[in-house]
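**Q** Take a look at this one; I'll ask things after.
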Amino acid sequence: MYYNEMIEEGAVRAPYAMLSDWVETMPAEIRQMKQAEAEALFRRIGITFAVYGEGGDPDRLIPFDMMPRVFLQSEWRRLERGIKQRARALNAFLRDVYSRGEIVRAGRIPARLVYQNEAYEKAVVGIVPPRGVFSHIVGIDIVRTGRDDFFVLEDNCRTPSGVSYMLENREIMMRMFPGLFRNNRIEPVDQYPELLRRTLASVAPAKCEGTPTVVILTPGHFNSAYYEHSFLANLMGVELVEGSDLFVDGGFVYMRTTQGPKRVDVIYRRIDDPFLDPLCFRKDSMLGVPGLMDVYRSGGVSIASAPGAGVADDKAVYTYVPEMVRFYLGEEPLLQNVHTWTLWKDDDYRYVMENLKDLVVKEVHGSGGYGMLIGPKASKAEIEEFALRIKANPGNYIAQPTLALSTSPTFVDEGIAPRHVDLRPYCLCGDRVELVPGGLTRVALREGSLVVNSSQGGGVKDTWVLTE
Amino acid sequence: MLSRTAANLFWMGRHLERAETAARLLDVGARITLLPNTPEGYRNEWESLLRASGSQHTFAEHYDSQINQENIESWLFFDAENPSSVASCIERAREGGRIIRTALTSQVWDALNTAFQELRQLKNRPRSQIDTALLTDFTTRHGATVRGAINASQLRNDGWHFINLGYSLERADATSRLLDVKYFVLLPRIEFVGSGLDNYQWQVILRALSAHRAYHWAYGGDVTAHKVADFLILNGESPRSLLTSLYEAVWNLDGLARRYGDQVPSSASAQARQTLDALMARDIDAIFDEGLHEFLTWFIGEISAIANAVHDDYFSGRM
């Protein structure tokens, strides 16, 4: 059975009591009107996911569900501690594997998974970024299966996206339903951009003089997340640059401005490692800045997330995160992993191949809900086909049980109905580790669906944390 | 300000102005069809409009030389293949705005985005429900809304100067091209000069620049070549005259030079001031003696040189 976050033992849970009344007293025509209003607002503000080259509408909306998802203060405090702990451990791991590799020497994680990982960046071995932070924004995807049961589904240490939805969903809810906010005590999230700016400024390189100049580096306006890049730049009051706006000269990075070159100290990049610097990584990259890595190595500029951070967040390394918490922090992990079978182990391989129909199998480097098998939803032919792919390269796969994702009430044609949800909070790591009370709740809008990715019919909700 | 941001603001201004130019041409075209027909139809007049927009060859390729009202409307308003069509210009202005949203107020973005969204709806409407007046109204209305939002809400900073520089240089260019068409194309034969036909065509030019009423207020009396040309070239009150447009460009370039100080080159400002002085040293008789076409060729060249200098001074991100 699925845990229903609104109804427990036939009664509405306390955090949802007010919302339940709100829904019941809302006439259908008001609801439709509000839904249309929300959509018009998203379009008008331009909060769209631009998808080019696939035909159809280039400006797509991610469906927005007006029914918020609610956490009690006590629930959130627990999650918060677990998330911060995990973010600390992940950064400690990154620091370690690019220097002495103690965790590997201690035999707590196989060397192969680290050093032969395609996300392991040999170009940055021996570099300690300012404050020892590699991953400055850690997005941790969390699912719930029971009242007190939260599990981490995956970690995102590179450049987790979606935070603009967390902020805009809240803005739009406050604009459309101010009454809800007056009658509930909901923790604000709008301090996020300021916290992000402070976090980035706190990791300025030692060579930085005066107030650090922070920029966001975007692949450009054809990128599907461009709205988010410009949204964050705007709220932080920093320049949004493309690779061609930057150049390297005499050990520093500069941006081209109308008043001549201006030095840049911290680059929050939203492009992947291979595209950062054509002289160091992919030679055909048009998005990056030639010579950037040399400046980075010599401490002339900080890059967030630091190149190489990806080695901490693939699905194979994921299984060792609880071990990292114990190894580096000497604590017991507060947030559990989902049980994971790693197919390069013989026992696990045998078990998984015999139980494919009950399991979810994922590629180690896959994302966005692609390249995965959901056993219970797949046909026999699909399972057989996937089994062949696994056989060809077992090391590329992990398997997890089909999770009984919790449901949150969601507007559907007939009123409200439970739909499966997950949660992505965004943890900031600089001189401090901080977390705003909230995150992005993604919801699988199709009845029975467990896939919340926007590319596969998922929507988003506002996420509330109630004050005490 | 990032050089790329400045360039985008500049081009946003240019595209917005260009969209209005296309709509004006459309309006003139529609007016021509309301006049008594000539044996060869309205072909010459339509053609002159295409020449004014500098697109007669591309038009001929796309419409198989079928010059008629519907094709002209499609070409000047909707056609994505025509980089100067209203739709192309609005889409590019909006895309440019999206790229540099951080440099625009939400009011300006909202106006720009609303124009874009309504344009999409318009494109989906059956053509039988759309007449020319609707298209020109659409363009002038949204043009004015965006313009108003810029005036009301943008900071008076360097970005403001770049937007207005785009508007003013584009307008100077559009007015001189329209005038050039008059003498180069509308009048292939010298014996027309001063004839009734000639005067009528001058009126068309005035209308194309939405200036026929303003003209009468300013000059009164008959429409003559000298007076119209004076109004559109040298009259400092006429909003679209070469003098007014150039003066606005100079004003914005001076603003930039003052703001940025000596560290930043200001060759565009010097160039524009020089052109302004040269323009003001002429009177309309001198221009006609020199030859209107020769004069306009010189002026269009100057505008393009100023635009290039703006690029070198501010958009190249000197290294």
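Ordering of the structure tokens sets the chain letters (A, B, ...); residue numbers start at 1 within each chain; ligands are numbered from 1 in the order shown.
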With a distance cut-off of 10 Å and only C-alpha atoms, select the neighbouring residues of segment 369-383 of chain A, excluding the residue or stretch itself and same-chain residues fewer than 4 positions from it, and output the selection as a PyMOL selection string.
**A** chain A and resi 353+355-365+387-389+397-402+449-456
**Q** Would you kindly return, as an mmCIF file with N, CA and C atoms, in the first residue's frame, each protein, DNA or RNA residue with an atom no farther than 10 Å from any atom of Thr211 of chain A, considering only C-alpha atoms and excluding same-chain residues fewer than 5 positions away?
**A**
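Listed below is the output, selection_15.cif:
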data_model
loop_
_atom_site.group_PDB
_atom_site.id
_atom_site.type_symbol
_atom_site.label_atom_id
_atom_site.label_comp_id
_atom_site.auth_asym_id
_atom_site.auth_seq_id
_atom_site.Cartn_x
_atom_site.Cartn_y
_atom_site.Cartn_z
ATOM 1 N N ALA A 201 29.874 33.716 -3.003
ATOM 2 C CA ALA A 201 30.887 34.720 -2.659
ATOM 3 C C ALA A 201 31.842 34.177 -1.605
ATOM 4 N N ALA A 204 35.137 32.500 -2.896
ATOM 5 C CA ALA A 204 36.005 33.252 -3.814
ATOM 6 C C ALA A 204 37.454 32.812 -3.618
ATOM 7 N N ASP A 265 35.491 36.425 -10.371
ATOM 8 C CA ASP A 265 36.112 35.626 -9.313
ATOM 9 C C ASP A 265 35.447 34.264 -9.113
#
**Q** Counting only C-alpha atoms, a student should be able to say which residues of chain B come within 6 Å of chain A; what is the right answer, written as a PDB file with N, CA and C atoms, in the first residue's frame?
**A**
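Result file follows (part_16.pdb):
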ATOM      1  N   MET B   1      28.220  46.737 -17.788  1.00  0.00           N
ATOM      2  CA  MET B   1      27.263  45.906 -18.511  1.00  0.00           C
ATOM      3  C   MET B   1      28.007  45.026 -19.506  1.00  0.00           C
ATOM      4  N   LEU B   2      27.566  43.766 -19.618  1.00  0.00           N
ATOM      5  CA  LEU B   2      28.190  42.865 -20.576  1.00  0.00           C
ATOM      6  C   LEU B   2      28.026  43.428 -21.984  1.00  0.00           C
ATOM      7  N   SER B   3      29.058  43.267 -22.796  1.00  0.00           N
ATOM      8  CA  SER B   3      28.972  43.741 -24.176  1.00  0.00           C
ATOM      9  C   SER B   3      27.813  43.070 -24.908  1.00  0.00           C
ATOM     10  N   ILE B  99      16.907  36.673 -23.852  1.00  0.00           N
ATOM     11  CA  ILE B  99      18.316  36.412 -23.585  1.00  0.00           C
ATOM     12  C   ILE B  99      18.851  37.339 -22.500  1.00  0.00           C
ATOM     13  N   THR B 102      17.558  39.845 -17.601  1.00  0.00           N
ATOM     14  CA  THR B 102      18.028  40.490 -16.377  1.00  0.00           C
ATOM     15  C   THR B 102      18.217  41.993 -16.582  1.00  0.00           C
ATOM     16  N   VAL B 264      36.965  54.679 -21.873  1.00  0.00           N
ATOM     17  CA  VAL B 264      36.271  53.926 -22.917  1.00  0.00           C
ATOM     18  C   VAL B 264      36.249  54.760 -24.190  1.00  0.00           C
ATOM     19  N   TYR B 314      31.694  49.514 -28.027  1.00  0.00           N
ATOM     20  CA  TYR B 314      31.009  48.934 -26.869  1.00  0.00           C
ATOM     21  C   TYR B 314      30.722  47.438 -26.931  1.00  0.00           C
ATOM     22  N   GLY B 317      33.945  44.083 -26.682  1.00  0.00           N
ATOM     23  CA  GLY B 317      34.603  43.622 -25.459  1.00  0.00           C
ATOM     24  C   GLY B 317      36.111  43.688 -25.567  1.00  0.00           C
ATOM     25  N   ARG B 318      36.604  44.829 -25.998  1.00  0.00           N
ATOM     26  CA  ARG B 318      38.035  45.047 -26.232  1.00  0.00           C
ATOM     27  C   ARG B 318      38.929  44.237 -25.280  1.00  0.00           C
TER      28      ARG B 318
END
**Q** With a distance cut-off of 9 Å and only C-alpha atoms, select the neighbouring residues of Ser406 of chain A, excluding the residue or stretch itself and same-chain residues fewer than 4 positions from it, and output the selection as an NGL selection string.
**A** :A and (2-5 or 143-146 or 418-422)
**Q** Write the residues you've just listed into a file as a short mmCIF file (atom, residue, chain, number, x, y, z; two decimals), in the first residue's frame, and include C-alpha atoms for each of them.
**A**
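Final output, again.cif:
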data_model
loop_
_atom_site.label_atom_id
_atom_site.label_comp_id
_atom_site.auth_asym_id
_atom_site.auth_seq_id
_atom_site.Cartn_x
_atom_site.Cartn_y
_atom_site.Cartn_z
CA TYR A 2 1.09 3.57 -0.57
CA TYR A 3 1.47 6.05 2.22
CA ASN A 4 -1.09 8.82 1.74
CA GLU A 5 0.34 12.07 3.11
CA VAL A 143 11.06 9.77 -1.48
CA ARG A 144 8.76 8.88 1.34
CA THR A 145 7.21 5.48 1.94
CA GLY A 146 5.68 5.87 5.39
CA PRO A 418 -3.71 10.91 -4.50
CA ARG A 419 -0.74 11.05 -6.87
CA HIS A 420 2.83 9.90 -6.26
CA VAL A 421 5.43 12.54 -5.34
CA ASP A 422 9.10 12.98 -4.60
#
**Q** Go ahead and compute the interatomic distance for atom CA of Ser135 of chain A and atom CA of Val325 of chain A, in Å to one decimal.
**A** 15.8 Å
**Q** Would you mind listing what lies within 8 Å of segment 171-176 of chain A as a list in words, with only C-alpha atoms counted and same-chain residues fewer than 2 positions away left out?
**A**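 So, after excluding close chain neighbours, the residues are Lys34, Ala38, Leu41, Met66, Leu167, Glu168, Asn169, Pro178, Leu180, Phe181 and Asp462 of chain A.
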**Q** Kindly save the residues from that selection, with C-alpha atoms included, as an mmCIF file, in the first residue's frame.
**A**
data_model
loop_
_atom_site.group_PDB
_atom_site.id
_atom_site.type_symbol
_atom_site.label_atom_id
_atom_site.label_comp_id
_atom_site.auth_asym_id
_atom_site.auth_seq_id
_atom_site.Cartn_x
_atom_site.Cartn_y
_atom_site.Cartn_z
ATOM 1 C CA LYS A 34 -7.626 29.647 -10.968
ATOM 2 C CA ALA A 38 -1.917 30.004 -12.990
ATOM 3 C CA LEU A 41 0.875 33.591 -15.211
ATOM 4 C CA MET A 66 -2.285 24.114 -7.154
ATOM 5 C CA LEU A 167 10.533 29.850 -5.945
ATOM 6 C CA GLU A 168 8.031 30.578 -8.698
ATOM 7 C CA ASN A 169 5.508 27.989 -7.498
ATOM 8 C CA PRO A 178 -3.087 35.034 -0.295
ATOM 9 C CA LEU A 180 -4.026 30.422 2.455
ATOM 10 C CA PHE A 181 -0.820 32.065 3.562
ATOM 11 C CA ASP A 462 4.443 24.216 -4.052
#
**Q** In segment 242-324 of chain A, what's alpha helix (DSSP H) per DSSP? Answer as an mmCIF file with N, CA and C atoms, in the first residue's frame?
**A**
data_model
loop_
_atom_site.group_PDB
_atom_site.id
_atom_site.type_symbol
_atom_site.label_atom_id
_atom_site.label_comp_id
_atom_site.auth_asym_id
_atom_site.auth_seq_id
_atom_site.Cartn_x
_atom_site.Cartn_y
_atom_site.Cartn_z
ATOM 1 N N LEU A 292 40.396 28.297 -19.168
ATOM 2 C CA LEU A 292 39.732 28.436 -17.865
ATOM 3 C C LEU A 292 40.340 27.518 -16.812
ATOM 4 N N MET A 293 40.639 26.280 -17.222
ATOM 5 C CA MET A 293 41.126 25.319 -16.241
ATOM 6 C C MET A 293 42.503 25.705 -15.692
ATOM 7 N N ASP A 294 43.327 26.324 -16.523
ATOM 8 C CA ASP A 294 44.643 26.770 -16.029
ATOM 9 C C ASP A 294 44.471 27.817 -14.933
ATOM 10 N N VAL A 295 43.544 28.724 -15.173
ATOM 11 C CA VAL A 295 43.285 29.765 -14.178
ATOM 12 C C VAL A 295 42.735 29.128 -12.901
ATOM 13 N N TYR A 296 41.853 28.164 -13.108
ATOM 14 C CA TYR A 296 41.263 27.482 -11.953
ATOM 15 C C TYR A 296 42.348 26.792 -11.123
ATOM 16 N N ARG A 297 43.225 26.085 -11.811
ATOM 17 C CA ARG A 297 44.293 25.357 -11.109
ATOM 18 C C ARG A 297 45.204 26.300 -10.327
ATOM 19 N N LYS A 315 25.122 6.541 -9.829
ATOM 20 C CA LYS A 315 24.269 5.623 -9.082
ATOM 21 C C LYS A 315 25.046 4.477 -8.454
ATOM 22 N N ALA A 316 26.277 4.264 -8.901
ATOM 23 C CA ALA A 316 27.082 3.220 -8.275
ATOM 24 C C ALA A 316 27.714 3.746 -6.986
ATOM 25 N N VAL A 317 28.274 4.952 -7.061
ATOM 26 C CA VAL A 317 28.892 5.544 -5.883
ATOM 27 C C VAL A 317 27.833 5.813 -4.807
ATOM 28 N N TYR A 318 26.624 6.105 -5.281
ATOM 29 C CA TYR A 318 25.497 6.359 -4.383
ATOM 30 C C TYR A 318 25.382 5.315 -3.279
ATOM 31 N N VAL A 321 27.291 6.088 -0.099
ATOM 32 C CA VAL A 321 27.176 7.356 0.645
ATOM 33 C C VAL A 321 26.994 7.128 2.151
ATOM 34 N N PRO A 322 26.160 6.167 2.587
ATOM 35 C CA PRO A 322 26.064 5.931 4.041
ATOM 36 C C PRO A 322 27.429 5.598 4.648
ATOM 37 N N GLU A 323 28.226 4.881 3.854
ATOM 38 C CA GLU A 323 29.581 4.534 4.302
ATOM 39 C C GLU A 323 30.432 5.810 4.443
ATOM 40 N N MET A 324 30.243 6.753 3.521
ATOM 41 C CA MET A 324 30.973 8.027 3.589
ATOM 42 C C MET A 324 30.619 8.770 4.874
#
**Q** Near Lys123 of chain B, counting only C-alpha atoms, which residues have an atom at most 12 Å away, once you skip same-chain residues fewer than 5 positions from it, shown as a list of chain:residue names?
**A** B:Ser74, B:Phe77, B:Phe78, B:Asp79, B:Ala80, B:Val86, B:Ala87, B:Phe116, B:Gln117, B:Glu118, B:Ser128, B:Gln129, B:Ile130, B:Leu135
**Q** Counting only C-alpha atoms, which residues of segment 64-172 of chain B fall within 10 Å of segment 239-247 of chain B, and what is the closest atom pair for each with its distance in Å at one decimal, ordered by chain and rising number, as a Markdown table?
**A**
| residue | atom | partner | partner_atom | distance |
| --- | --- | --- | --- | --- |
| B:Leu165 | CA | B:Ser245 | CA | 9.3 |
| B:Tyr167 | CA | B:Ser245 | CA | 8.5 |
| B:Ser168 | CA | B:Ser245 | CA | 5.0 |
| B:Leu169 | CA | B:Ser245 | CA | 6.7 |
| B:Glu170 | CA | B:Ser245 | CA | 8.6 |
| B:Arg171 | CA | B:Ser245 | CA | 6.4 |
| B:Ala172 | CA | B:Leu242 | CA | 5.2 |
**Q** Write out, as a PDB file, in the first residue's frame, the residues just selected, with N, CA and C atoms.
**A**
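The resulting file, part-v1.pdb, is shown below:
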ATOM      1  N   LEU B 165      19.450  54.141 -28.756  1.00  0.00           N
ATOM      2  CA  LEU B 165      20.370  54.246 -29.880  1.00  0.00           C
ATOM      3  C   LEU B 165      19.900  53.331 -31.012  1.00  0.00           C
ATOM      4  N   TYR B 167      16.798  52.278 -31.547  1.00  0.00           N
ATOM      5  CA  TYR B 167      15.601  52.891 -32.121  1.00  0.00           C
ATOM      6  C   TYR B 167      15.976  54.022 -33.083  1.00  0.00           C
ATOM      7  N   SER B 168      16.846  54.933 -32.648  1.00  0.00           N
ATOM      8  CA  SER B 168      17.069  56.143 -33.443  1.00  0.00           C
ATOM      9  C   SER B 168      17.864  55.848 -34.712  1.00  0.00           C
ATOM     10  N   LEU B 169      18.862  54.982 -34.623  1.00  0.00           N
ATOM     11  CA  LEU B 169      19.626  54.678 -35.840  1.00  0.00           C
ATOM     12  C   LEU B 169      18.758  53.925 -36.841  1.00  0.00           C
ATOM     13  N   GLU B 170      17.928  53.023 -36.330  1.00  0.00           N
ATOM     14  CA  GLU B 170      17.053  52.279 -37.232  1.00  0.00           C
ATOM     15  C   GLU B 170      16.071  53.231 -37.931  1.00  0.00           C
ATOM     16  N   ARG B 171      15.568  54.177 -37.183  1.00  0.00           N
ATOM     17  CA  ARG B 171      14.597  55.103 -37.743  1.00  0.00           C
ATOM     18  C   ARG B 171      15.258  55.998 -38.799  1.00  0.00           C
ATOM     19  N   ALA B 172      16.463  56.467 -38.505  1.00  0.00           N
ATOM     20  CA  ALA B 172      17.187  57.280 -39.479  1.00  0.00           C
ATOM     21  C   ALA B 172      17.382  56.484 -40.768  1.00  0.00           C
TER      22      ALA B 172
END
**Q** Please report the interatomic distance between atom CA of Tyr268 of chain A and atom CA of His229 of chain A in Å with one decimal.
**A**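 Separation between atom CA of Tyr268 of chain A and atom CA of His229 of chain A: 9.9 Å.
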**Q** Can you tell me, as a PyMOL selection string, what residues are no more than 10 Å from Arg273 of chain B when counting only C-alpha atoms, ignoring any on the same chain fewer than 6 positions away?
**A** chain B and resi 246-247+249-251+253-254+267+279+306
**Q** For the residues in that selection, give me N, CA and C atoms as a PDB file, in the first residue's frame.
**A**
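Output file part-v2.pdb follows:
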ATOM      1  N   LEU B 246      18.887  61.472 -35.960  1.00  0.00           N
ATOM      2  CA  LEU B 246      20.324  61.563 -35.743  1.00  0.00           C
ATOM      3  C   LEU B 246      20.623  62.318 -34.445  1.00  0.00           C
ATOM      4  N   TYR B 247      19.827  63.342 -34.211  1.00  0.00           N
ATOM      5  CA  TYR B 247      20.033  64.101 -32.981  1.00  0.00           C
ATOM      6  C   TYR B 247      19.851  63.204 -31.759  1.00  0.00           C
ATOM      7  N   ALA B 249      20.297  60.007 -31.666  1.00  0.00           N
ATOM      8  CA  ALA B 249      21.452  59.103 -31.598  1.00  0.00           C
ATOM      9  C   ALA B 249      22.633  59.809 -30.928  1.00  0.00           C
ATOM     10  N   VAL B 250      22.867  61.055 -31.324  1.00  0.00           N
ATOM     11  CA  VAL B 250      23.975  61.813 -30.741  1.00  0.00           C
ATOM     12  C   VAL B 250      23.769  61.986 -29.242  1.00  0.00           C
ATOM     13  N   TRP B 251      22.539  62.298 -28.880  1.00  0.00           N
ATOM     14  CA  TRP B 251      22.228  62.524 -27.470  1.00  0.00           C
ATOM     15  C   TRP B 251      22.533  61.264 -26.637  1.00  0.00           C
ATOM     16  N   LEU B 253      24.556  58.765 -27.510  1.00  0.00           N
ATOM     17  CA  LEU B 253      25.991  58.471 -27.536  1.00  0.00           C
ATOM     18  C   LEU B 253      26.748  59.384 -26.580  1.00  0.00           C
ATOM     19  N   ASP B 254      26.325  60.647 -26.503  1.00  0.00           N
ATOM     20  CA  ASP B 254      26.956  61.567 -25.545  1.00  0.00           C
ATOM     21  C   ASP B 254      26.734  61.079 -24.123  1.00  0.00           C
ATOM     22  N   SER B 267      34.424  56.707 -30.281  1.00  0.00           N
ATOM     23  CA  SER B 267      34.529  57.066 -31.699  1.00  0.00           C
ATOM     24  C   SER B 267      33.139  57.206 -32.314  1.00  0.00           C
ATOM     25  N   LEU B 279      25.059  67.489 -41.638  1.00  0.00           N
ATOM     26  CA  LEU B 279      23.651  67.539 -42.027  1.00  0.00           C
ATOM     27  C   LEU B 279      23.091  68.943 -41.815  1.00  0.00           C
ATOM     28  N   ILE B 306      28.291  54.820 -38.211  1.00  0.00           N
ATOM     29  CA  ILE B 306      28.069  55.077 -36.782  1.00  0.00           C
ATOM     30  C   ILE B 306      27.759  53.752 -36.063  1.00  0.00           C
TER      31      ILE B 306
END
**Q** List every residue of segment 144-337 of chain A that DSSP, applied to the backbone, labels as strand (DSSP E or B), and write the result as a VMD selection string.
**A** chain A and resid 144 to 146 149 to 156 186 214 to 217 239 to 241 246 to 249 252 to 257 260 to 264 266 to 269 302 to 304 336 to 337
**Q** With a distance cut-off of 12 Å and only C-alpha atoms, select the neighbouring residues of Ser20 of chain A, excluding the residue or stretch itself and same-chain residues fewer than 5 positions from it, and output the selection as a short mmCIF file (atom, residue, chain, number, x, y, z; two decimals) with C-alpha atoms, in the first residue's frame.
**A**
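Okay, this is what ended up in around07.cif:
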data_model
loop_
_atom_site.label_atom_id
_atom_site.label_comp_id
_atom_site.auth_asym_id
_atom_site.auth_seq_id
_atom_site.Cartn_x
_atom_site.Cartn_y
_atom_site.Cartn_z
CA MET A 6 -3.08 13.59 3.60
CA ILE A 7 -5.16 10.76 4.99
CA ALA A 11 -8.83 10.85 8.93
CA VAL A 12 -7.24 13.95 7.46
CA ARG A 13 -3.78 14.52 8.98
CA ALA A 14 -3.24 17.76 10.86
CA PRO A 15 -0.98 19.50 8.32
CA THR A 25 -15.39 24.67 -0.32
CA MET A 26 -13.88 25.68 -3.64
CA MET A 67 -2.60 21.73 -4.23
CA PRO A 68 0.47 22.27 -2.03
CA ARG A 69 2.40 19.49 -0.40
CA VAL A 70 2.82 20.04 3.33
CA LEU A 180 -4.03 30.42 2.45
CA SER A 408 -0.01 13.72 -2.02
CA PRO A 409 -3.47 15.08 -2.85
CA THR A 410 -3.51 16.52 -6.35
CA PHE A 411 -6.13 18.25 -8.46
CA GLY A 415 -11.67 16.85 -7.69
CA ILE A 416 -8.62 15.76 -5.79
CA ALA A 417 -6.95 12.38 -5.84
#
**Q** Choose the residue, out of A:Ala444, A:Cys429, A:Val125, A:Val338, that has the smallest atom-to-atom separation from Thr407 of chain A; count only C-alpha atoms.
**A** A:Ala444
